[in-house]
Number of protein chains: 2
Amino acid sequence: MSTRPPAIDDRLLNTAVDQFGRFGLEGASTRAIAAAAGTAMSSITYHFGGKEGLYLAAARHIAACIRERLREPVSRSSALAAADGIDAAIDALMATVDGFIGIMTASESAPWARFMVREQMAPTAAFDILYAEVMEGMARHATSLLMRIGGDRLGEQEARLKALAIFGQALVFRVARATVLRTTGWTDITAPETAAIRATVRSHTIAILESIRGDRP
Amino acid sequence: MSTRPPAIDDRLLNTAVDQFGRFGLEGASTRAIAAAAGTAMSSITYHFGGKEGLYLAAARHIAACIRERLREPVSRSSALAAADGIDAAIDALMATVDGFIGIMTASESAPWARFMVREQMAPTAAFDILYAEVMEGMARHATSLLMRIGGDRLGEQEARLKALAIFGQALVFRVARATVLRTTGWTDITAPETAAIRATVRSHTIAILESIRGDRP
DNA sequence: GTCTATAGTCGGATAGAC
DNA sequence: GTCTATCCGACTATAGAC
């Protein structure tokens with residue numbers, strides 16, 4: 001069985017992520033989504049039960065795409081984290097941050113991000129899906145690594161805030177994309193720009209982690 | 001002249017920022033905005049020429065609010081930056097970051113952020129207004145301070161990326177608010193939570209700036 | 001499963017009363 | 001300046017042909 005002709009519900013999901021991300025649940029129109037997916041509007045009713053069902057399915061679709069994209073960095077990070085010692089924890093955290101930078105700079109994440117940020121700032125039931133499937137795991141993983149690095153000098157809540165701030169350094173390059181392009185003069189973020197971002201965020205993160213390590217009494 | 005009863009166009013602007021931020025330009029309805037502002041829909045036509053005019057006016061309104069809120073931190077930072085030396089530049093940058101954290105944690109920035117992030121990820125003419133009035137100045141200011149701190153070891157483009165990443169640490173606490181609340185267990189971000197965020201971002205930023213200073217040959 | 005046709009609601013713009 | 005009344009297009013949902 002070839003995978004060439006995408007099933008109609010797959011095409012609906014992809015266009016739904018795009019349109020809902022741009023215009024929101026009430027702003028997007030099922031007419032436009034169906035038309036862009038090359039089908040009739042009533043297909044949405046048939047496959048997803050209606051507009052809201054399609055919206056939640058779009059959230060699950062995004063979560064699955066991100067998990068797929070994170071699979072390799074996460075397993076590499078976990079392998080590194082299996083070793084003992086603070087250096088292993090640092091390497092593991094850097095691998096996770098690298099994976100996150102990869103997503104934030106990839107062009108495919110643009111529609112995901114529009115959808116997700118909307119949910120972050122005005123959450124609906126879709127946020128529960130996204131949090132449980134994507135954010136929670138990353139936050140837990142990064143927090144536990146930071147606590148290993150910080151030892152007993154670092155409380156769990158402090159570690160959580162540090163993890164959020166560290167990821168924020170990469171998040172800005174997706175979420176404030178228009179400002180990034182204007183200030184840098186870039187027209188797009190491709191391989192060389194990603195390398196520059198990676199170098200910046202890596203050096204910052206190393207500086208932050210060294211300062212945690214250096215905080216020992 | 002008292003300022004007590006807000007003029008109808010002021011009420012329209014505030015509700016417009018909220019509704020456009022939540023639902024976008026096409027998702028929000030002028031009927032709903034007018035109703036929430038306590039007036040007739042045709043007032044929007046009269047005062048702003050239509051839906052699009054109101055949208056651009058909302059962007060200008062946000063820019064004015066943010067500039068007002070940044071006035072004091074910016075002048076403090078500029079005063080600190082007037083002194084010679086790297087330490088003065090570091091103090092000035094920290095003051096700017098502090099001001100930015102203040103906005104990102106303030107509850108009043110929630111509607112501004114919804115509107116602005118939407119423009120960042122799918123820019124319209126409103127982004128030109130926001131960039132020119134708000135982002136450009138902050139980016140330039142922070143970049144020039146970073147170049148003073150880095151000396152000739154730091155290129156302008158590097159400094160720009162560093163500025164973006166540093167601000168990203170604070171941005172995440174507004175833009176990924178739902179995730180922040182879930183992972184920390186907080187129900188809101190008020191004074192004590194802001195203090196914790198401030199401590200985290202300050203310590204990270206100092207570590208980053210020290211690493212730049214330490215990069216000298 | 002996918003389509004067309006239809007019903008009922010709500011959208012923005014505009015004209016005109018006051 | 002602010003309101004009400006009206007126009008017409010676009011929306012979601014649903015019924016039913018094939």
# chains A, B, ... in the order shown; residues from 1 in each chain; ligands from 1

call {"tool": "interface_residues", "arguments": {"of": "chain C", "to": "chain A", "cutoff": "10 Å", "atoms": "only C-alpha atoms (C1' of nucleotides)", "output": "PyMOL selection string"}}
result
chain C and resi 1-4

call {"tool": "residues_around", "arguments": {"residues": "range 9-15 of chain D", "least_positions_apart": "4", "cutoff": "8 Å", "atoms": "only C-alpha atoms (C1' of nucleotides)", "output": "JSON, numbers by chain"}}
result
{"A": [29, 30], "C": [9, 10, 11]}

call {"tool": "atom_distance", "arguments": {"atom1": "CA of Thr187 in chain B", "atom2": "CA of His204 in chain B"}}
result
24.5 Å

call {"tool": "interface_residues", "arguments": {"of": "chain D", "to": "chain B", "cutoff": "12 Å", "atoms": "only C-alpha atoms (C1' of nucleotides)", "output": "list in words"}}
result
DG1, DT2, DC3, DT4, DA5, DA10 and DC11 of chain D

call {"tool": "write_last_selection", "arguments": {"atoms": "N, CA and C atoms (P, O5', C5', C4', C3', O3' and C1' of nucleotides)", "output": "mmCIF file, in the first residue's frame"}}
result
data_model
loop_
_atom_site.group_PDB
_atom_site.id
_atom_site.type_symbol
_atom_site.label_atom_id
_atom_site.label_comp_id
_atom_site.auth_asym_id
_atom_site.auth_seq_id
_atom_site.Cartn_x
_atom_site.Cartn_y
_atom_site.Cartn_z
ATOM 1 P P DG D 1 -18.239 65.449 17.027
ATOM 2 O "O5'" DG D 1 -18.691 64.345 17.997
ATOM 3 C "C5'" DG D 1 -18.738 63.005 17.893
ATOM 4 C "C4'" DG D 1 -19.905 62.597 18.778
ATOM 5 C "C3'" DG D 1 -19.935 61.088 18.887
ATOM 6 O "O3'" DG D 1 -20.345 60.758 20.190
ATOM 7 C "C1'" DG D 1 -21.930 61.838 17.877
ATOM 8 P P DT D 2 -19.981 59.312 20.736
ATOM 9 O "O5'" DT D 2 -21.324 58.474 20.586
ATOM 10 C "C5'" DT D 2 -22.445 58.823 21.382
ATOM 11 C "C4'" DT D 2 -23.704 58.272 20.765
ATOM 12 C "C3'" DT D 2 -23.684 56.761 20.481
ATOM 13 O "O3'" DT D 2 -24.391 56.087 21.503
ATOM 14 C "C1'" DT D 2 -24.838 58.021 18.797
ATOM 15 P P DC D 3 -24.678 54.520 21.326
ATOM 16 O "O5'" DC D 3 -26.028 54.428 20.464
ATOM 17 C "C5'" DC D 3 -27.266 54.751 21.086
ATOM 18 C "C4'" DC D 3 -28.354 54.905 20.035
ATOM 19 C "C3'" DC D 3 -28.780 53.604 19.343
ATOM 20 O "O3'" DC D 3 -29.815 52.986 20.091
ATOM 21 C "C1'" DC D 3 -28.561 55.433 17.776
ATOM 22 P P DT D 4 -30.182 51.480 19.676
ATOM 23 O "O5'" DT D 4 -31.120 51.647 18.397
ATOM 24 C "C5'" DT D 4 -32.267 52.499 18.438
ATOM 25 C "C4'" DT D 4 -33.001 52.420 17.098
ATOM 26 C "C3'" DT D 4 -33.397 51.002 16.661
ATOM 27 O "O3'" DT D 4 -34.701 51.049 16.070
ATOM 28 C "C1'" DT D 4 -31.992 51.973 15.020
ATOM 29 P P DA D 5 -35.343 49.677 15.547
ATOM 30 O "O5'" DA D 5 -35.011 49.714 13.978
ATOM 31 C "C5'" DA D 5 -35.213 50.924 13.249
ATOM 32 C "C4'" DA D 5 -35.067 50.660 11.759
ATOM 33 C "C3'" DA D 5 -35.466 49.248 11.299
ATOM 34 O "O3'" DA D 5 -36.109 49.326 10.037
ATOM 35 C "C1'" DA D 5 -33.172 49.629 10.809
ATOM 36 P P DA D 10 -19.683 36.042 0.324
ATOM 37 O "O5'" DA D 10 -19.643 35.361 1.763
ATOM 38 C "C5'" DA D 10 -19.006 36.060 2.819
ATOM 39 C "C4'" DA D 10 -19.104 35.230 4.082
ATOM 40 C "C3'" DA D 10 -18.773 33.747 3.859
ATOM 41 O "O3'" DA D 10 -17.883 33.321 4.879
ATOM 42 C "C1'" DA D 10 -20.907 33.990 4.877
ATOM 43 P P DC D 11 -17.380 31.813 4.933
ATOM 44 O "O5'" DC D 11 -18.093 31.232 6.227
ATOM 45 C "C5'" DC D 11 -17.936 31.905 7.480
ATOM 46 C "C4'" DC D 11 -18.995 31.435 8.458
ATOM 47 C "C3'" DC D 11 -19.116 29.922 8.541
ATOM 48 O "O3'" DC D 11 -18.194 29.421 9.482
ATOM 49 C "C1'" DC D 11 -21.282 31.000 8.519
#

call {"tool": "atom_distance", "arguments": {"atom1": "CA of Thr15 in chain B", "atom2": "CA of Gly49 in chain B"}}
result
16.6 Å

call {"tool": "residues_around", "arguments": {"residues": "DA13 in chain C", "least_positions_apart": "3", "cutoff": "9 Å", "atoms": "only C-alpha atoms (C1' of nucleotides)", "output": "PyMOL selection string"}}
result
(chain B and resi 42+45+50) or (chain D and resi 7)

call {"tool": "residues_around", "arguments": {"residues": "range 117-119 of chain B", "least_positions_apart": "2", "cutoff": "9 Å", "atoms": "only C-alpha atoms (C1' of nucleotides)", "output": "JSON, numbers by chain"}}
result
{"A": [22, 114, 117, 118, 175, 176, 178], "B": [21, 24, 112, 113, 114, 115, 121, 122, 123, 124, 125, 126, 127, 130, 175]}

call {"tool": "closest_residue", "arguments": {"among": "A:Ser144, A:Ala63, A:Phe23, A:Ala32", "to": "chain B", "atoms": "only C-alpha atoms"}}
result
A:Phe23

call {"tool": "closest_residue", "arguments": {"among": "A:Ala59, A:Ile212, A:Met94, A:Val17", "to": "Arg148 in chain A", "atoms": "only C-alpha atoms"}}
result
A:Ile212

call {"tool": "closest_residue", "arguments": {"among": "A:Phe100, A:Phe20, A:Phe48, A:Tyr55", "to": "chain B", "atoms": "only C-alpha atoms"}}
result
A:Phe20

call {"tool": "closest_residue", "arguments": {"among": "A:Glu210, A:Glu72, A:Ala64, A:Gly27", "to": "chain B", "atoms": "only C-alpha atoms"}}
result
A:Gly27

call {"tool": "atom_distance", "arguments": {"atom1": "CA of Gly137 in chain B", "atom2": "CA of Gln169 in chain A"}}
result
19.8 Å

call {"tool": "closest_residue", "arguments": {"among": "B:Ala199, B:Ile101, B:Ala83, B:Ala207", "to": "chain A", "atoms": "only C-alpha atoms"}}
result
B:Ala207

call {"tool": "residues_around", "arguments": {"residues": "Gly168 in chain B", "least_positions_apart": "3", "cutoff": "6 Å", "atoms": "only C-alpha atoms (C1' of nucleotides)", "output": "PyMOL selection string"}}
result
(chain A and resi 168-169+172) or (chain B and resi 164-165+171)

call {"tool": "decode", "arguments": {"residues": "range 24-178 of chain B", "atoms": "C-alpha atoms", "output": "mmCIF file, in the first residue's frame"}}
result
data_model
loop_
_atom_site.group_PDB
_atom_site.id
_atom_site.type_symbol
_atom_site.label_atom_id
_atom_site.label_comp_id
_atom_site.auth_asym_id
_atom_site.auth_seq_id
_atom_site.Cartn_x
_atom_site.Cartn_y
_atom_site.Cartn_z
ATOM 1 C CA GLY B 24 -7.992 37.746 15.409
ATOM 2 C CA LEU B 25 -9.002 40.307 12.829
ATOM 3 C CA GLU B 26 -11.504 38.110 11.037
ATOM 4 C CA GLY B 27 -12.560 36.116 14.090
ATOM 5 C CA ALA B 28 -13.607 39.055 16.234
ATOM 6 C CA SER B 29 -16.945 40.682 15.506
ATOM 7 C CA THR B 30 -17.564 44.411 15.484
ATOM 8 C CA ARG B 31 -20.997 43.729 16.910
ATOM 9 C CA ALA B 32 -19.498 42.002 19.939
ATOM 10 C CA ILE B 33 -16.820 44.669 20.389
ATOM 11 C CA ALA B 34 -19.376 47.457 20.236
ATOM 12 C CA ALA B 35 -21.705 45.639 22.614
ATOM 13 C CA ALA B 36 -18.912 45.009 25.127
ATOM 14 C CA ALA B 37 -17.937 48.682 24.889
ATOM 15 C CA GLY B 38 -21.555 49.632 25.482
ATOM 16 C CA THR B 39 -22.236 51.327 22.183
ATOM 17 C CA ALA B 40 -23.650 50.702 18.722
ATOM 18 C CA MET B 41 -21.664 48.962 16.020
ATOM 19 C CA SER B 42 -21.886 51.983 13.765
ATOM 20 C CA SER B 43 -19.742 53.918 16.271
ATOM 21 C CA ILE B 44 -16.829 51.861 14.982
ATOM 22 C CA THR B 45 -17.481 53.081 11.464
ATOM 23 C CA TYR B 46 -17.787 56.642 12.713
ATOM 24 C CA HIS B 47 -14.639 56.698 14.881
ATOM 25 C CA PHE B 48 -12.321 54.323 13.061
ATOM 26 C CA GLY B 49 -13.745 53.950 9.566
ATOM 27 C CA GLY B 50 -14.483 50.246 9.947
ATOM 28 C CA LYS B 51 -13.157 47.002 11.327
ATOM 29 C CA GLU B 52 -9.686 47.295 9.832
ATOM 30 C CA GLY B 53 -9.288 50.869 11.016
ATOM 31 C CA LEU B 54 -10.177 49.765 14.519
ATOM 32 C CA TYR B 55 -7.629 46.961 14.277
ATOM 33 C CA LEU B 56 -4.797 49.334 13.400
ATOM 34 C CA ALA B 57 -5.926 51.788 16.058
ATOM 35 C CA ALA B 58 -5.815 48.929 18.573
ATOM 36 C CA ALA B 59 -2.196 48.268 17.589
ATOM 37 C CA ARG B 60 -1.316 51.943 18.101
ATOM 38 C CA HIS B 61 -3.124 51.850 21.426
ATOM 39 C CA ILE B 62 -1.097 48.858 22.600
ATOM 40 C CA ALA B 63 2.136 50.527 21.497
ATOM 41 C CA ALA B 64 1.244 53.644 23.466
ATOM 42 C CA CYS B 65 0.405 51.619 26.585
ATOM 43 C CA ILE B 66 3.670 49.706 26.441
ATOM 44 C CA ARG B 67 5.738 52.823 25.845
ATOM 45 C CA GLU B 68 4.075 54.391 28.851
ATOM 46 C CA ARG B 69 4.883 51.360 30.966
ATOM 47 C CA LEU B 70 8.474 51.243 29.695
ATOM 48 C CA ARG B 71 9.123 54.947 30.173
ATOM 49 C CA GLU B 72 10.504 54.691 33.692
ATOM 50 C CA PRO B 73 12.680 51.545 33.233
ATOM 51 C CA VAL B 74 14.023 52.918 29.963
ATOM 52 C CA SER B 75 14.988 56.242 31.445
ATOM 53 C CA ARG B 76 16.632 54.494 34.376
ATOM 54 C CA SER B 77 18.517 52.241 32.000
ATOM 55 C CA SER B 78 19.580 55.197 29.853
ATOM 56 C CA ALA B 79 20.826 57.033 32.932
ATOM 57 C CA LEU B 80 22.897 54.006 33.947
ATOM 58 C CA ALA B 81 24.181 53.595 30.396
ATOM 59 C CA ALA B 82 25.437 57.175 30.357
ATOM 60 C CA ALA B 83 28.314 56.218 32.639
ATOM 61 C CA ASP B 84 31.496 54.757 31.168
ATOM 62 C CA GLY B 85 32.620 51.184 31.517
ATOM 63 C CA ILE B 86 31.379 47.666 31.198
ATOM 64 C CA ASP B 87 29.785 47.514 34.628
ATOM 65 C CA ALA B 88 27.603 50.482 33.759
ATOM 66 C CA ALA B 89 26.486 48.746 30.568
ATOM 67 C CA ILE B 90 25.679 45.592 32.536
ATOM 68 C CA ASP B 91 23.644 47.561 35.077
ATOM 69 C CA ALA B 92 21.811 49.327 32.274
ATOM 70 C CA LEU B 93 20.988 46.058 30.525
ATOM 71 C CA MET B 94 19.772 44.516 33.764
ATOM 72 C CA ALA B 95 17.459 47.491 34.262
ATOM 73 C CA THR B 96 15.998 46.966 30.788
ATOM 74 C CA VAL B 97 15.519 43.253 31.409
ATOM 75 C CA ASP B 98 13.857 44.070 34.727
ATOM 76 C CA GLY B 99 11.452 46.409 32.974
ATOM 77 C CA PHE B 100 10.651 43.754 30.422
ATOM 78 C CA ILE B 101 10.009 41.157 33.118
ATOM 79 C CA GLY B 102 7.671 43.656 34.761
ATOM 80 C CA ILE B 103 5.565 43.807 31.616
ATOM 81 C CA MET B 104 5.653 40.069 30.940
ATOM 82 C CA THR B 105 4.396 39.275 34.434
ATOM 83 C CA ALA B 106 1.859 42.106 34.737
ATOM 84 C CA SER B 107 -1.709 40.935 34.261
ATOM 85 C CA GLU B 108 -2.486 43.986 32.100
ATOM 86 C CA SER B 109 -0.126 42.678 29.422
ATOM 87 C CA ALA B 110 -2.247 39.593 28.748
ATOM 88 C CA PRO B 111 -4.434 41.224 26.071
ATOM 89 C CA TRP B 112 -1.483 43.100 24.572
ATOM 90 C CA ALA B 113 0.454 39.868 24.279
ATOM 91 C CA ARG B 114 -2.378 37.962 22.643
ATOM 92 C CA PHE B 115 -2.601 40.668 20.008
ATOM 93 C CA MET B 116 1.140 41.045 19.511
ATOM 94 C CA VAL B 117 2.027 37.367 19.316
ATOM 95 C CA ARG B 118 -0.631 36.881 16.693
ATOM 96 C CA GLU B 119 1.045 39.640 14.698
ATOM 97 C CA GLN B 120 4.465 38.104 15.249
ATOM 98 C CA MET B 121 3.429 34.777 13.787
ATOM 99 C CA ALA B 122 1.171 36.081 11.019
ATOM 100 C CA PRO B 123 2.138 39.734 10.546
ATOM 101 C CA THR B 124 -0.166 42.330 9.001
ATOM 102 C CA ALA B 125 0.188 46.090 8.668
ATOM 103 C CA ALA B 126 -0.307 46.292 12.439
ATOM 104 C CA PHE B 127 3.062 44.658 12.994
ATOM 105 C CA ASP B 128 4.838 47.572 11.339
ATOM 106 C CA ILE B 129 3.311 49.856 13.936
ATOM 107 C CA LEU B 130 4.219 47.600 16.855
ATOM 108 C CA TYR B 131 7.748 47.016 15.621
ATOM 109 C CA ALA B 132 8.495 50.662 14.953
ATOM 110 C CA GLU B 133 6.971 51.883 18.200
ATOM 111 C CA VAL B 134 8.084 49.187 20.624
ATOM 112 C CA MET B 135 10.346 46.363 19.516
ATOM 113 C CA GLU B 136 12.845 48.278 17.432
ATOM 114 C CA GLY B 137 13.880 50.628 20.213
ATOM 115 C CA MET B 138 14.272 47.879 22.783
ATOM 116 C CA ALA B 139 16.251 45.673 20.395
ATOM 117 C CA ARG B 140 18.586 48.508 19.451
ATOM 118 C CA HIS B 141 19.112 49.546 23.053
ATOM 119 C CA ALA B 142 19.855 46.033 24.291
ATOM 120 C CA THR B 143 22.067 45.239 21.314
ATOM 121 C CA SER B 144 24.219 48.315 21.779
ATOM 122 C CA LEU B 145 24.630 47.584 25.492
ATOM 123 C CA LEU B 146 25.645 44.002 24.697
ATOM 124 C CA MET B 147 28.209 45.261 22.212
ATOM 125 C CA ARG B 148 29.666 47.521 24.874
ATOM 126 C CA ILE B 149 29.868 44.557 27.246
ATOM 127 C CA GLY B 150 31.364 42.258 24.637
ATOM 128 C CA GLY B 151 33.805 44.748 23.168
ATOM 129 C CA ASP B 152 35.397 43.786 19.884
ATOM 130 C CA ARG B 153 34.889 40.105 20.636
ATOM 131 C CA LEU B 154 31.189 40.434 19.879
ATOM 132 C CA GLY B 155 29.818 41.156 16.416
ATOM 133 C CA GLU B 156 26.606 43.120 15.984
ATOM 134 C CA GLN B 157 24.642 40.132 14.699
ATOM 135 C CA GLU B 158 25.824 38.013 17.624
ATOM 136 C CA ALA B 159 24.755 40.764 19.992
ATOM 137 C CA ARG B 160 21.315 40.905 18.404
ATOM 138 C CA LEU B 161 20.813 37.168 18.847
ATOM 139 C CA LYS B 162 21.984 37.364 22.430
ATOM 140 C CA ALA B 163 19.528 40.151 23.129
ATOM 141 C CA LEU B 164 16.664 38.118 21.662
ATOM 142 C CA ALA B 165 17.587 35.023 23.664
ATOM 143 C CA ILE B 166 17.912 37.012 26.899
ATOM 144 C CA PHE B 167 14.503 38.606 26.433
ATOM 145 C CA GLY B 168 13.111 35.217 25.493
ATOM 146 C CA GLN B 169 13.743 34.044 29.030
ATOM 147 C CA ALA B 170 11.165 36.545 30.262
ATOM 148 C CA LEU B 171 8.863 36.280 27.248
ATOM 149 C CA VAL B 172 8.131 32.632 27.964
ATOM 150 C CA PHE B 173 6.404 33.582 31.215
ATOM 151 C CA ARG B 174 3.777 35.525 29.304
ATOM 152 C CA VAL B 175 3.586 33.644 26.022
ATOM 153 C CA ALA B 176 3.544 30.131 27.468
ATOM 154 C CA ARG B 177 1.532 31.201 30.484
ATOM 155 C CA ALA B 178 -0.661 28.115 30.670
#
